[in-house]
$ cat query06.tsv   # TSV, C-alpha atoms
chain	number	residue	atom	x	y	z
A	571	MET	CA	40.02	106.01	-17.22
A	572	VAL	CA	38.70	106.13	-20.73
A	573	VAL	CA	36.15	104.14	-22.68
A	574	PHE	CA	37.24	104.49	-26.29
A	575	ALA	CA	34.66	102.82	-28.47
A	576	LEU	CA	31.83	100.35	-28.77
A	577	ILE	CA	31.13	97.84	-31.51
A	578	ILE	CA	28.07	95.60	-31.72
A	579	ILE	CA	28.19	92.49	-33.89
A	580	ASN	CA	25.06	90.54	-34.79
A	581	LYS	CA	24.87	86.77	-34.59
A	582	ALA	CA	25.85	86.37	-38.24
A	583	GLY	CA	29.06	88.34	-37.77
A	584	GLY	CA	27.84	91.58	-39.30
A	585	LEU	CA	28.69	94.96	-37.85
A	586	ILE	CA	25.49	96.64	-36.66
A	587	TYR	CA	26.84	99.46	-34.51
A	588	GLN	CA	30.10	101.34	-34.16
A	589	ARG	CA	30.70	104.42	-32.08
A	590	ASP	CA	33.75	106.26	-30.72
A	591	PHE	CA	33.49	107.99	-27.36
A	592	ALA	CA	36.99	109.43	-26.93
A	593	GLU	CA	40.23	110.12	-28.76
A	594	GLY	CA	42.89	107.48	-28.37
A	595	LEU	CA	42.25	104.96	-31.11
A	596	ASN	CA	42.97	105.50	-34.76
A	597	LYS	CA	39.90	105.84	-36.89
A	598	LEU	CA	39.44	103.01	-39.34
A	599	SER	CA	37.48	103.13	-42.54
A	600	ILE	CA	34.00	101.66	-42.37
A	601	ASN	CA	35.19	98.74	-44.48
A	602	ASP	CA	37.92	97.94	-41.98
A	603	TYR	CA	35.38	97.95	-39.15
A	604	LEU	CA	33.27	95.47	-41.11
A	605	VAL	CA	36.32	93.25	-41.62
A	606	LEU	CA	37.23	93.56	-37.93
A	607	ALA	CA	33.73	92.53	-36.91
A	608	GLY	CA	33.66	89.56	-39.27
A	609	THR	CA	37.14	88.41	-38.29
A	610	PHE	CA	36.47	88.71	-34.59
A	611	HIS	CA	33.26	86.77	-35.05
A	612	GLY	CA	35.17	83.95	-36.75
A	613	VAL	CA	37.95	83.86	-34.17
A	614	HIS	CA	35.38	83.90	-31.38
A	615	ALA	CA	33.53	80.98	-32.94
A	616	ILE	CA	36.73	78.95	-33.17
A	617	THR	CA	37.79	79.72	-29.61
A	618	THR	CA	34.47	78.46	-28.27
A	619	ARG	CA	35.48	75.07	-29.66
A	620	LEU	CA	38.88	75.17	-27.95
A	621	HIS	CA	37.56	75.15	-24.41
A	622	PRO	CA	38.62	72.25	-22.17
A	623	LEU	CA	36.30	69.29	-21.79
A	624	HIS	CA	34.27	69.00	-18.60
A	625	ASN	CA	33.43	65.74	-16.90
A	626	HIS	CA	29.78	65.23	-17.75
A	627	SER	CA	27.87	63.05	-15.32
A	628	PRO	CA	26.55	60.01	-17.14
A	629	SER	CA	23.06	59.93	-15.60
A	630	SER	CA	20.53	61.78	-17.69
A	631	GLN	CA	18.61	63.14	-14.70
A	632	SER	CA	21.34	65.34	-13.33
A	633	ALA	CA	22.20	66.47	-16.81
A	634	ILE	CA	18.84	68.20	-16.97
A	635	GLU	CA	19.33	69.85	-13.60
A	636	THR	CA	22.81	71.17	-14.27
A	637	ARG	CA	23.02	72.13	-17.87
A	638	PRO	CA	26.55	73.39	-18.46
A	639	ASP	CA	27.10	76.98	-19.50
A	640	PRO	CA	27.84	77.34	-23.18
A	641	PRO	CA	31.54	77.87	-23.86
A	642	SER	CA	32.30	81.56	-23.76
A	643	GLY	CA	35.10	81.99	-26.28
A	644	ILE	CA	37.35	85.04	-26.21
A	645	GLU	CA	36.39	87.45	-23.46
A	646	VAL	CA	39.34	89.82	-23.25
A	647	LEU	CA	42.00	90.90	-25.70
A	648	GLU	CA	44.68	93.19	-24.31
A	649	THR	CA	47.31	95.32	-25.99
A	650	GLU	CA	49.70	97.93	-24.68
A	651	ASN	CA	47.25	100.75	-25.32
A	652	PHE	CA	43.79	99.31	-25.05
A	653	ARG	CA	41.79	96.44	-23.76
A	654	LEU	CA	38.98	94.84	-25.74
A	655	GLN	CA	36.22	93.32	-23.64
A	656	CYS	CA	33.79	91.02	-25.45
A	657	PHE	CA	30.37	90.33	-24.01
A	658	SER	CA	28.40	87.70	-25.86
A	659	THR	CA	24.67	87.53	-25.17
A	660	LEU	CA	22.70	84.29	-25.09
A	661	THR	CA	21.27	85.14	-28.49
A	662	GLY	CA	24.72	85.50	-30.03
A	663	THR	CA	24.96	89.28	-30.27
A	664	LYS	CA	28.42	90.49	-29.28
A	665	PHE	CA	29.31	93.76	-27.59
A	666	LEU	CA	32.97	94.78	-27.97
A	667	LEU	CA	34.09	97.56	-25.68
A	668	PHE	CA	37.47	99.21	-26.20
A	669	THR	CA	38.85	100.78	-23.02
A	670	GLU	CA	42.13	101.76	-21.44
A	671	PRO	CA	43.91	98.71	-19.97
A	672	GLN	CA	43.43	99.97	-16.40
A	673	GLN	CA	39.69	100.64	-16.71
A	674	PRO	CA	37.91	98.98	-13.75
A	675	ASN	CA	34.46	97.31	-13.78
A	676	VAL	CA	34.34	96.83	-17.52
A	677	ASP	CA	31.86	93.97	-17.14
A	678	LYS	CA	29.47	96.30	-15.28
A	679	ILE	CA	29.78	98.91	-18.03
A	680	VAL	CA	29.07	96.36	-20.75
A	681	GLY	CA	26.14	95.04	-18.74
A	682	ARG	CA	24.65	98.51	-18.53
A	683	ILE	CA	25.17	99.04	-22.26
A	684	TYR	CA	23.40	95.75	-22.91
A	685	GLU	CA	20.53	97.00	-20.78
A	686	LEU	CA	20.34	100.22	-22.83
A	687	TYR	CA	20.39	98.10	-25.99
A	688	GLY	CA	17.57	95.96	-24.61
A	689	ASP	CA	15.51	99.07	-23.81
A	690	TYR	CA	16.16	101.51	-26.63
A	691	VAL	CA	16.85	99.16	-29.54
A	692	MET	CA	14.85	96.02	-28.92
A	693	LYS	CA	11.72	97.84	-27.72
A	694	ASN	CA	11.76	100.16	-30.71
A	695	PRO	CA	9.10	99.06	-33.22
A	696	PHE	CA	11.07	100.56	-36.11
A	697	TYR	CA	14.19	98.47	-35.50
A	698	GLN	CA	14.56	95.40	-37.69
A	699	LEU	CA	16.38	92.49	-36.10
A	700	GLU	CA	19.99	91.91	-37.20
A	701	MET	CA	20.04	95.19	-39.11
A	702	PRO	CA	22.29	98.19	-38.35
A	703	VAL	CA	21.17	100.09	-35.26
A	704	ARG	CA	19.93	103.57	-36.12
A	705	CYS	CA	18.09	104.64	-33.01
A	706	GLU	CA	18.42	108.22	-31.92
A	707	SER	CA	17.42	107.58	-28.32
A	708	PHE	CA	19.94	104.73	-28.01
A	709	ASP	CA	22.75	107.05	-29.19
A	710	ARG	CA	21.61	109.71	-26.77
A	711	LYS	CA	21.38	107.43	-23.74
A	712	LEU	CA	24.69	105.75	-24.56
A	713	VAL	CA	26.57	109.05	-24.70
A	714	GLN	CA	24.78	110.20	-21.56
A	715	TYR	CA	26.03	107.09	-19.77
A	716	VAL	CA	29.61	106.95	-21.09
A	717	ARG	CA	30.50	110.65	-20.93
A	718	PRO	CA	30.58	110.85	-17.10
A	719	LEU	CA	32.70	107.68	-17.01
A	720	ASN	CA	35.30	109.29	-19.24
A	721	SER	CA	35.44	112.59	-17.40
A	722	ARG	CA	36.00	110.95	-14.04
B	1093	MET	CA	-16.73	82.10	-10.82
B	1094	ALA	CA	-16.29	79.32	-13.30
B	1095	SER	CA	-13.52	77.81	-11.22
B	1096	SER	CA	-15.64	77.58	-8.06
B	1097	GLN	CA	-18.13	75.34	-9.80
B	1098	PRO	CA	-17.33	71.64	-10.07
B	1099	VAL	CA	-15.48	70.91	-13.25
B	1100	LYS	CA	-17.70	69.32	-15.84
B	1101	PRO	CA	-16.78	65.84	-16.98
B	1102	PRO	CA	-14.87	66.26	-20.20
B	1103	LEU	CA	-17.11	65.60	-23.16
B	1104	ALA	CA	-15.67	64.43	-26.38
B	1105	SER	CA	-17.25	67.32	-28.24
B	1106	GLN	CA	-15.73	70.05	-26.07
B	1107	PRO	CA	-12.33	68.95	-24.83
B	1108	SER	CA	-10.84	72.39	-25.07
B	1109	GLN	CA	-13.36	73.94	-22.70
B	1110	ALA	CA	-12.66	71.39	-19.99
B	1111	ALA	CA	-8.95	72.00	-20.36
B	1112	ARG	CA	-9.45	75.73	-20.04
B	1113	GLY	CA	-11.51	75.46	-16.89
B	1114	SER	CA	-9.08	73.27	-15.01
B	1115	GLN	CA	-5.75	74.67	-16.15
B	1116	PRO	CA	-4.51	78.01	-14.90
B	1117	GLY	CA	-3.12	80.07	-17.72
B	1118	LEU	CA	-2.82	83.61	-18.84
B	1119	ARG	CA	-6.57	83.87	-19.30
B	1120	TYR	CA	-7.49	82.12	-16.07
B	1121	PRO	CA	-5.06	82.90	-13.24
B	1122	SER	CA	-4.41	80.24	-10.62
B	1123	SER	CA	-6.19	82.23	-7.91
B	1124	GLY	CA	-9.38	82.03	-9.96
B	1125	LYS	CA	-9.70	85.83	-9.90
B	1126	THR	CA	-9.89	87.46	-13.30
B	1127	ILE	CA	-9.77	91.18	-13.95
B	1128	TYR	CA	-13.58	91.16	-13.70
B	1129	HIS	CA	-13.43	90.05	-10.05
B	1130	ARG	CA	-11.59	93.18	-8.96
B	1131	PRO	CA	-13.55	96.05	-7.46
B	1132	LEU	CA	-13.97	98.87	-9.95
B	1133	ASN	CA	-12.91	101.67	-7.67
B	1134	ARG	CA	-9.73	100.23	-6.28
B	1135	SER	CA	-6.95	101.97	-8.12
B	1136	ARG	CA	-3.97	101.69	-5.78
B	1137	THR	CA	-1.23	99.15	-6.55
B	1138	GLN	CA	-2.59	98.70	-10.04
B	1139	GLU	CA	0.61	99.74	-11.76
B	1140	LEU	CA	1.83	97.68	-14.67
B	1141	SER	CA	5.27	96.79	-15.90
B	1142	GLN	CA	6.57	99.42	-18.28
B	1143	ALA	CA	8.67	96.87	-20.14
B	1144	SER	CA	5.66	94.72	-21.00
B	1145	PHE	CA	3.76	97.80	-22.08
B	1146	ALA	CA	6.70	98.86	-24.25
B	1147	TYR	CA	6.69	95.50	-26.04
B	1148	LEU	CA	2.91	95.56	-26.43
B	1149	PHE	CA	2.92	99.10	-27.77
B	1150	GLY	CA	5.78	98.25	-30.11
B	1151	GLU	CA	3.68	95.45	-31.56
B	1152	MET	CA	0.67	97.75	-31.82
B	1153	VAL	CA	2.73	100.20	-33.85
B	1154	SER	CA	4.05	97.42	-36.10
B	1155	TYR	CA	0.51	96.13	-36.54
B	1156	ALA	CA	-0.80	99.58	-37.44
B	1157	GLN	CA	2.09	99.93	-39.88
B	1158	ARG	CA	0.95	97.07	-42.06
B	1159	ARG	CA	-0.57	98.11	-45.38
B	1160	VAL	CA	-0.65	101.81	-44.55
B	1161	THR	CA	-0.41	104.34	-47.35
B	1162	GLY	CA	1.43	107.03	-45.44
B	1163	ILE	CA	2.32	108.57	-42.13
B	1164	GLN	CA	-1.07	110.27	-41.79
B	1165	ASP	CA	-2.78	106.94	-42.31
B	1166	LEU	CA	-0.55	105.33	-39.66
B	1167	GLU	CA	-1.29	108.08	-37.14
B	1168	LYS	CA	-5.00	107.73	-37.93
B	1169	ARG	CA	-4.83	104.02	-37.14
B	1170	LEU	CA	-3.05	104.60	-33.83
B	1171	ASN	CA	-5.64	107.25	-33.05
B	1172	VAL	CA	-8.45	104.78	-33.77
B	1173	GLN	CA	-6.82	102.22	-31.45
B	1174	GLY	CA	-6.86	104.72	-28.59
B	1175	HIS	CA	-10.36	106.12	-29.13
B	1176	PRO	CA	-12.41	103.34	-27.43
B	1177	ILE	CA	-10.00	103.40	-24.46
B	1178	GLY	CA	-10.81	107.08	-23.94
B	1179	LEU	CA	-14.56	106.47	-24.15
B	1180	LYS	CA	-14.35	103.81	-21.45
B	1181	LEU	CA	-11.87	105.64	-19.23
B	1182	LEU	CA	-14.16	108.66	-19.04
B	1183	ASP	CA	-16.84	106.58	-17.36
B	1184	LEU	CA	-14.44	104.64	-15.17
B	1185	LEU	CA	-12.53	107.64	-13.90
B	1186	LEU	CA	-15.70	109.64	-13.18
B	1187	TYR	CA	-17.02	106.65	-11.26
B	1188	ARG	CA	-13.85	106.60	-9.18
B	1189	GLU	CA	-14.10	110.26	-8.28
B	1190	PRO	CA	-15.48	111.13	-4.81
B	1191	PRO	CA	-19.30	111.38	-4.96
B	1192	ARG	CA	-19.36	115.17	-4.63
B	1193	THR	CA	-17.33	115.78	-7.78
B	1194	GLN	CA	-18.75	112.84	-9.67
B	1195	THR	CA	-20.21	115.01	-12.42
B	1196	ARG	CA	-19.48	115.08	-16.10
B	1197	PRO	CA	-17.44	118.16	-17.08
B	1198	LEU	CA	-19.73	120.78	-18.63
B	1199	HIS	CA	-17.17	123.37	-19.72
B	1200	ILE	CA	-14.20	123.07	-22.00
B	1201	ILE	CA	-11.79	124.13	-19.26
B	1202	ALA	CA	-13.22	121.65	-16.76
B	1203	LEU	CA	-12.97	118.88	-19.35
B	1204	LEU	CA	-9.38	119.73	-20.25
B	1205	GLN	CA	-8.42	119.91	-16.59
B	1206	PHE	CA	-9.98	116.52	-16.06
B	1207	ILE	CA	-7.85	115.22	-18.94
B	1208	THR	CA	-4.55	116.80	-17.88
B	1209	THR	CA	-4.80	115.81	-14.23
B	1210	ILE	CA	-7.05	112.83	-13.59
B	1211	LEU	CA	-6.72	111.04	-16.92
B	1212	TRP	CA	-2.98	111.73	-17.18
B	1213	ARG	CA	-2.39	110.59	-13.61
B	1214	HIS	CA	-4.32	107.40	-14.23
B	1215	LEU	CA	-2.40	106.61	-17.41
B	1216	PHE	CA	1.11	107.90	-16.63
B	1217	SER	CA	1.18	108.53	-12.83
B	1218	ARG	CA	1.80	112.25	-13.28
B	1219	PRO	CA	-0.12	115.25	-14.57
B	1220	ALA	CA	0.52	116.70	-18.03
B	1221	ASP	CA	3.19	119.38	-18.20
B	1222	ALA	CA	1.17	122.25	-19.63
B	1223	LEU	CA	-2.29	123.21	-20.85
B	1224	GLU	CA	-2.57	126.25	-23.09
B	1225	LYS	CA	-5.21	127.94	-25.20
B	1226	SER	CA	-4.26	128.88	-28.71
B	1227	SER	CA	-3.13	132.52	-28.74
B	1228	ASN	CA	-4.24	132.93	-32.34
B	1229	PRO	CA	-7.63	134.79	-32.34
B	1230	ASP	CA	-8.63	132.98	-35.56
B	1231	THR	CA	-8.64	129.60	-33.85
B	1232	PRO	CA	-10.48	129.97	-30.53
B	1233	GLU	CA	-11.40	126.26	-30.68
B	1234	GLU	CA	-7.79	125.07	-30.33
B	1235	TYR	CA	-6.16	124.03	-27.07
B	1236	MET	CA	-2.74	122.51	-26.51
B	1237	ILE	CA	-1.72	119.90	-23.95
B	1238	SER	CA	2.06	119.41	-23.69
B	1239	ASP	CA	3.90	116.41	-22.38
B	1240	ASN	CA	7.67	116.75	-22.10
B	1241	GLU	CA	8.35	113.04	-22.26
B	1242	PRO	CA	5.41	110.90	-23.38
B	1243	LEU	CA	5.60	107.50	-21.75
B	1244	VAL	CA	4.52	105.69	-24.91
B	1245	ASN	CA	7.44	107.19	-26.85
B	1246	GLN	CA	10.11	106.49	-24.28
B	1247	TYR	CA	11.81	103.65	-26.15
B	1248	ILE	CA	10.78	104.63	-29.66
B	1249	SER	CA	13.16	106.28	-32.12
B	1250	VAL	CA	11.37	107.30	-35.27
B	1251	PRO	CA	13.53	106.81	-38.39
B	1252	LYS	CA	14.57	109.94	-40.28
B	1253	GLU	CA	12.43	109.27	-43.33
B	1254	MET	CA	9.30	109.23	-41.12
B	1255	ASN	CA	10.14	112.24	-38.96
B	1256	GLN	CA	6.59	113.59	-39.24
B	1257	LEU	CA	5.34	110.62	-37.26
B	1258	ASN	CA	4.64	110.76	-33.56
B	1259	CYS	CA	3.46	107.50	-32.02
B	1260	ALA	CA	1.75	109.44	-29.23
B	1261	ALA	CA	-1.09	109.63	-31.77
B	1262	PHE	CA	-2.35	106.70	-29.71
B	1263	VAL	CA	-2.60	108.95	-26.63
B	1264	ALA	CA	-4.22	111.61	-28.82
B	1265	GLY	CA	-6.83	108.97	-29.69
B	1266	ILE	CA	-7.49	108.36	-25.99
B	1267	VAL	CA	-7.94	112.12	-25.39
B	1268	GLU	CA	-10.23	112.32	-28.39
B	1269	GLY	CA	-12.28	109.44	-27.00
B	1270	VAL	CA	-12.69	111.25	-23.68
B	1271	CYS	CA	-13.75	114.48	-25.42
B	1272	ASP	CA	-16.21	112.70	-27.69
B	1273	GLY	CA	-17.64	110.70	-24.81
B	1274	ALA	CA	-18.18	113.83	-22.73
B	1275	GLY	CA	-20.16	115.45	-25.57
B	1276	PHE	CA	-17.37	117.72	-26.79
B	1277	PRO	CA	-16.64	116.39	-30.28
B	1278	ALA	CA	-13.04	117.18	-31.16
B	1279	ARG	CA	-10.08	116.21	-33.30
B	1280	VAL	CA	-6.87	115.56	-31.40
B	1281	THR	CA	-3.47	115.21	-33.03
B	1282	ALA	CA	0.04	114.71	-31.63
B	1283	HIS	CA	2.97	116.82	-32.79
B	1284	SER	CA	6.66	116.54	-31.92
B	1285	VAL	CA	8.10	119.88	-30.91
B	1286	GLY	CA	11.38	118.71	-29.39
B	1287	LYS	CA	13.54	120.60	-31.86
B	1288	GLY	CA	15.82	123.59	-31.50
B	1289	GLU	CA	17.07	124.85	-28.15
B	1290	GLU	CA	14.21	123.26	-26.24
B	1291	GLY	CA	15.07	119.93	-27.82
B	1292	GLU	CA	18.28	119.71	-25.79
B	1293	LEU	CA	16.30	119.35	-22.59
B	1294	TRP	CA	13.21	117.49	-23.81
B	1295	PRO	CA	13.95	115.82	-27.14
B	1296	GLY	CA	10.66	113.93	-27.07
B	1297	LYS	CA	8.40	116.86	-26.18
B	1298	THR	CA	4.97	116.39	-27.68
B	1299	VAL	CA	2.03	118.77	-28.02
B	1300	PHE	CA	-1.49	117.36	-28.29
B	1301	LEU	CA	-3.54	119.79	-30.33
B	1302	VAL	CA	-7.20	119.59	-29.31
B	1303	LYS	CA	-9.44	121.12	-31.93
B	1304	PHE	CA	-13.08	121.27	-30.85
B	1305	GLU	CA	-15.91	121.33	-33.36
B	1306	PRO	CA	-17.47	124.81	-33.92
B	1307	GLU	CA	-20.73	123.88	-32.20
B	1308	VAL	CA	-18.85	123.19	-28.96
B	1309	VAL	CA	-17.42	126.70	-28.92
B	1310	GLU	CA	-20.84	128.11	-29.80
B	1311	ARG	CA	-22.46	126.26	-26.87
B	1312	GLU	CA	-19.67	127.44	-24.57
B	1313	VAL	CA	-20.60	131.04	-25.39
B	1314	TYR	CA	-24.26	130.41	-24.47
B	1315	LEU	CA	-23.29	128.65	-21.24
B	1316	GLY	CA	-21.03	131.50	-20.27
B	1317	ARG	CA	-23.92	134.00	-20.18
$ encode --input "query06.tsv" --output "structure tokens"
Amino acid sequence: MVVFALIIINKAGGLIYQRDFAEGLNKLSINDYLVLAGTFHGVHAITTRLHPLHNHSPSSQSAIETRPDPPSGIEVLETENFRLQCFSTLTGTKFLLFTEPQQPNVDKIVGRIYELYGDYVMKNPFYQLEMPVRCESFDRKLVQYVRPLNSR
Amino acid sequence: MASSQPVKPPLASQPSQAARGSQPGLRYPSSGKTIYHRPLNRSRTQELSQASFAYLFGEMVSYAQRRVTGIQDLEKRLNVQGHPIGLKLLDLLLYREPPRTQTRPLHIIALLQFITTILWRHLFSRPADALEKSSNPDTPEEYMISDNEPLVNQYISVPKEMNQLNCAAFVAGIVEGVCDGAGFPARVTAHSVGKGEEGELWPGKTVFLVKFEPEVVEREVYLGR
């Protein structure tokens, strides 16, 4: 089981983090990663508008109690060699995790990575919102978490 | 106490005060007990959320960063933010000691041991990792307190262009406050030493350099006789 790479896209569609953890994917140029991030952001935005309509209850009272979840858009893209899991946070940041197609519990892994992001990026006073992530401790903790997963 | 008294009829001139007295909020908890109602010497179960502290400290660093001229200036400001905390903690922690040992430290070693054990345990729930005296004979007034992983720096990554900075300058300010309050005037600075082979294990290792004023060392010599 291998986790290949992680990409983080900010809510405007800009690439703010890209990191490879294992061999298996071809390396792209930084420009191509930027294009990939922007394109995925656009496709994701369109797919959120494709989702089927739900039957909304007409009374306004119950509408407050049960606010529907926002449409999720693309969650998984699968190819012969890898699987791309997209986790979109409530604030619109997207975490794309590239793994082997058979990798189990990808949602748990992404959840843990989100937690690390919340701790080591968002609590860092030197990080500017929506800007590329350059946090040494985030890199360190991320590798510390993913390396045992890959060697299992 | 204010909440146990009958609420005053709201006057037109002071509507905000009436609202404050009757509404529980952050400042006035719903139980009516503020931090001033708690007994001074009860220290168990007084732990705080590390996440909220991390956000608060992050904002303190951003605040200190405004209109600074350089890294030294920024560290000085963090130091100044910690200094009054140290002055107050000295009194509070001595008060909480058992009556037999409730005396102000009179020697440098006693003071530094108070800092590395009692103060550190109060602030971070563990003692400091090492206390050393400077081995250089030219600087007998220097002592070093090491912390392998300062709690205040846990979530902080200092950008490369500011690599001289260590945000534990705030903790250095607290230590300085304790020293000054105890009558041992000193300058305390924080230095990152998590580089090289040791950096693999403790990348955030920090040394607090305590530099006492010459008169403190002079007095120590007299006391030792």
$ interface_residues --input "query06.tsv" --of "chain A" --to "chain B" --cutoff "8 Å" --atoms "all atoms listed in the file" --output "list in words"
Asp689, Tyr690, Val691, Lys693, Asn694, Pro695, Phe696, Arg704, Cys705, Glu706 and Ser707 of chain A
$ atom_distance --input "query06.tsv" --atom1 "CA of Lys678 (chain A)" --atom2 "CA of Cys656 (chain A)"
12.2 Å
$ residues_around --input "query06.tsv" --residues "Arg619 (chain A)" --least-positions-apart "6" --cutoff "10 Å" --atoms "all atoms listed in the file" --output "PDB file with C-alpha atoms, in the coordinates of the input"
ATOM      1  CA  PRO A 641      31.540  77.870 -23.860  1.00  0.00           C
ATOM      2  CA  SER A 642      32.300  81.560 -23.760  1.00  0.00           C
ATOM      3  CA  GLY A 643      35.100  81.990 -26.280  1.00  0.00           C
TER       4      GLY A 643
END
$ residues_near_point --input "query06.tsv" --point "(-9.3, 116.5, -19.9)" --cutoff "12 Å" --atoms "all atoms listed in the file" --output "PyMOL selection string"
chain B and resi 1178+1181-1182+1185-1186+1196-1214+1219-1220+1222-1223+1235-1237+1264+1266-1274+1276+1278+1280+1300+1302
$ closest_residue --input "query06.tsv" --among "A:Leu585, A:Leu595, A:Met701, A:Leu647" --to "His614 (chain A)" --atoms "only C-alpha atoms"
A:Leu647
$ atom_distance --input "query06.tsv" --atom1 "CA of Arg1169 (chain B)" --atom2 "CA of Ala1156 (chain B)"
6.0 Å
$ atom_distance --input "query06.tsv" --atom1 "CA of Pro718 (chain A)" --atom2 "CA of Ala592 (chain A)"
11.8 Å
$ residues_around --input "query06.tsv" --residues "Val680 (chain A)" --least-positions-apart "6" --cutoff "10 Å" --atoms "all atoms listed in the file" --output "list in words"
Leu576, Gln655, Cys656, Phe657, Phe665, Leu666, Leu667 and Leu686 of chain A
$ write_last_selection --input "query06.tsv" --atoms "C-alpha atoms" --output "short mmCIF file (atom, residue, chain, number, x, y, z; two decimals), keeping the file's coordinate frame"
data_model
loop_
_atom_site.label_atom_id
_atom_site.label_comp_id
_atom_site.auth_asym_id
_atom_site.auth_seq_id
_atom_site.Cartn_x
_atom_site.Cartn_y
_atom_site.Cartn_z
CA LEU A 576 31.83 100.35 -28.77
CA GLN A 655 36.22 93.32 -23.64
CA CYS A 656 33.79 91.02 -25.45
CA PHE A 657 30.37 90.33 -24.01
CA PHE A 665 29.31 93.76 -27.59
CA LEU A 666 32.97 94.78 -27.97
CA LEU A 667 34.09 97.56 -25.68
CA LEU A 686 20.34 100.22 -22.83
#
$ closest_residue --input "query06.tsv" --among "A:Ile579, A:Ile600, A:Leu654, A:Met692" --to "Glu670 (chain A)" --atoms "all atoms listed in the file"
A:Leu654
$ closest_residue --input "query06.tsv" --among "A:Ile683, A:Tyr603, A:Pro702, A:Thr669" --to "Phe591 (chain A)" --atoms "only C-alpha atoms"
A:Thr669
$ closest_residue --input "query06.tsv" --among "B:Lys1168, B:Lys1287, B:Arg1218, B:Arg1279" --to "Ala1260 (chain B)" --atoms "all atoms listed in the file"
B:Lys1168
$ residues_around --input "query06.tsv" --residues "Ser1238 (chain B)" --least-positions-apart "6" --cutoff "6 Å" --atoms "all atoms listed in the file" --output "PyMOL selection string"
chain B and resi 1221-1222+1298-1299
